[in-house]
Amino acid sequence: MTEQVNKRGHWQVWLMVAMLSGVVIAGFLMLPSTEGQRNSLLSSLGTTNHGEFVLPPVSMEGLMLEDTEGNPWKLSEQKTKWRLLIAGGGECIDQCREMIFLTRQVHISLGKYSRRFERLYIALDENISEETGGYLKQNHPFLHTYRGSSRELEALLASTNAPFSLSSGGEAGTMRAYLVDQQGLVMMSYTLENKGADMIEDVEHLMKYSPQ
């Protein structure tokens with residue numbers, strides 16, 4: 001009787017090992033080999049998302065940015081964080097200020113996740129004006145400001161479903177905020193039609209299941 005119990009116990013152990021091995025193997029088979037496949041998989045699995053996936057995915061690694069003192073900003077030298085990238089002119093007005101305010105509310109609402117997140121405003125082709133600089137410093141002290149090239153940003157996003165364009169008046173045709181993951185991949189975009197609560201839900205969901 002004891003021998004039969006032992007044999008049954010051994011079979012149960014081997015069955016558990018086989019099941020776990022199957023799960024591991026299936027995980028490797030499903031693991032996407034490219035960032036594009038990863039985003040496609042997330043979408044097909046019904047991931048909660050209110051923004052629009054940026055397809056094909058592109059990396060901001062090559063963007064040449066400078067801080068307010070003219071020092072180069074390189075993604076590879078920064079802390080690993082999720083980022084919201086907002087771009088406009090040296091004068092941030094109208095849609096630009098609306099988007100920055102919206103993303104500020106998102107940042108504040110992240111709570112415990114806020115330390116893993118930052119917002120970047122890129123003034124394209126010109127320095128931030130004195131008036132805009134004063135406004136941002138007073139109302140958005142945790143917003144990081146940089147200078148970049150509209151040509152570079154437009155070229156980076158031209159092949160995607162969320163292109164960027166800057167009009168001569170300094171206002172984007174469709175103001176967008178781009179969500180960038182911890183590896184620098186531009187993965188989602190939002191417009192002013194998106195609600196703050198929707199953006200918060202997306203960001204919190206992604207942070208919850210991403211490495212620290």
# chains A, B, ... in the order shown; residues from 1 in each chain; ligands from 1

$ residues_around --residues "Phe117 of chain A" --least-positions-apart "6" --cutoff "7 Å" --atoms "only C-alpha atoms" --output "count of residues only"
3

$ select_by_dssp --residues "segment 85-168 of chain A" --states "helix (DSSP H, G or I)" --output "ChimeraX atom specification"
/A:95-109,111-116,130-139,150-157

$ write_last_selection --atoms "C-alpha atoms" --output "PDB file, in the first residue's frame"
ATOM      1  CA  GLN A  95      -2.539  73.476 -27.392  1.00  0.00           C
ATOM      2  CA  CYS A  96       0.976  73.197 -26.015  1.00  0.00           C
ATOM      3  CA  ARG A  97       0.003  74.540 -22.585  1.00  0.00           C
ATOM      4  CA  GLU A  98      -3.109  72.372 -22.538  1.00  0.00           C
ATOM      5  CA  MET A  99      -1.032  69.261 -23.203  1.00  0.00           C
ATOM      6  CA  ILE A 100       1.579  70.146 -20.602  1.00  0.00           C
ATOM      7  CA  PHE A 101      -1.149  70.751 -18.017  1.00  0.00           C
ATOM      8  CA  LEU A 102      -2.821  67.449 -18.894  1.00  0.00           C
ATOM      9  CA  THR A 103       0.424  65.503 -18.552  1.00  0.00           C
ATOM     10  CA  ARG A 104       1.194  67.251 -15.255  1.00  0.00           C
ATOM     11  CA  GLN A 105      -2.047  65.899 -13.831  1.00  0.00           C
ATOM     12  CA  VAL A 106      -1.051  62.452 -15.053  1.00  0.00           C
ATOM     13  CA  HIS A 107       2.352  62.699 -13.356  1.00  0.00           C
ATOM     14  CA  ILE A 108       0.861  63.871 -10.072  1.00  0.00           C
ATOM     15  CA  SER A 109      -1.720  61.087 -10.076  1.00  0.00           C
ATOM     16  CA  GLY A 111       1.606  58.301  -6.796  1.00  0.00           C
ATOM     17  CA  LYS A 112       4.143  55.590  -5.976  1.00  0.00           C
ATOM     18  CA  TYR A 113       5.028  55.233  -9.651  1.00  0.00           C
ATOM     19  CA  SER A 114       5.909  58.925 -10.104  1.00  0.00           C
ATOM     20  CA  ARG A 115       9.608  58.402  -9.337  1.00  0.00           C
ATOM     21  CA  ARG A 116       9.871  56.108 -12.350  1.00  0.00           C
ATOM     22  CA  GLU A 130      11.721  84.262 -21.660  1.00  0.00           C
ATOM     23  CA  GLU A 131       7.949  84.400 -21.236  1.00  0.00           C
ATOM     24  CA  THR A 132       7.486  80.652 -21.822  1.00  0.00           C
ATOM     25  CA  GLY A 133      10.465  79.827 -19.630  1.00  0.00           C
ATOM     26  CA  GLY A 134       8.981  81.829 -16.778  1.00  0.00           C
ATOM     27  CA  TYR A 135       5.594  80.193 -17.237  1.00  0.00           C
ATOM     28  CA  LEU A 136       7.049  76.675 -17.214  1.00  0.00           C
ATOM     29  CA  LYS A 137       9.270  77.348 -14.205  1.00  0.00           C
ATOM     30  CA  GLN A 138       6.379  78.716 -12.183  1.00  0.00           C
ATOM     31  CA  ASN A 139       3.678  76.235 -13.176  1.00  0.00           C
ATOM     32  CA  SER A 150      11.948  69.609 -35.756  1.00  0.00           C
ATOM     33  CA  ARG A 151      13.490  67.984 -38.825  1.00  0.00           C
ATOM     34  CA  GLU A 152      14.925  65.156 -36.732  1.00  0.00           C
ATOM     35  CA  LEU A 153      11.697  64.559 -34.831  1.00  0.00           C
ATOM     36  CA  GLU A 154       9.572  64.669 -37.982  1.00  0.00           C
ATOM     37  CA  ALA A 155      11.939  62.234 -39.716  1.00  0.00           C
ATOM     38  CA  LEU A 156      11.881  59.896 -36.728  1.00  0.00           C
ATOM     39  CA  LEU A 157       8.089  59.677 -36.663  1.00  0.00           C
TER      40      LEU A 157
END

$ atom_distance --atom1 "atom CA of Pro72 of chain A" --atom2 "atom CA of Leu206 of chain A"
28.8 Å

$ closest_residue --among "A:Ile93, A:Ile86, A:Ala158, A:Leu143" --to "Leu124 of chain A" --atoms "only C-alpha atoms"
A:Ile86
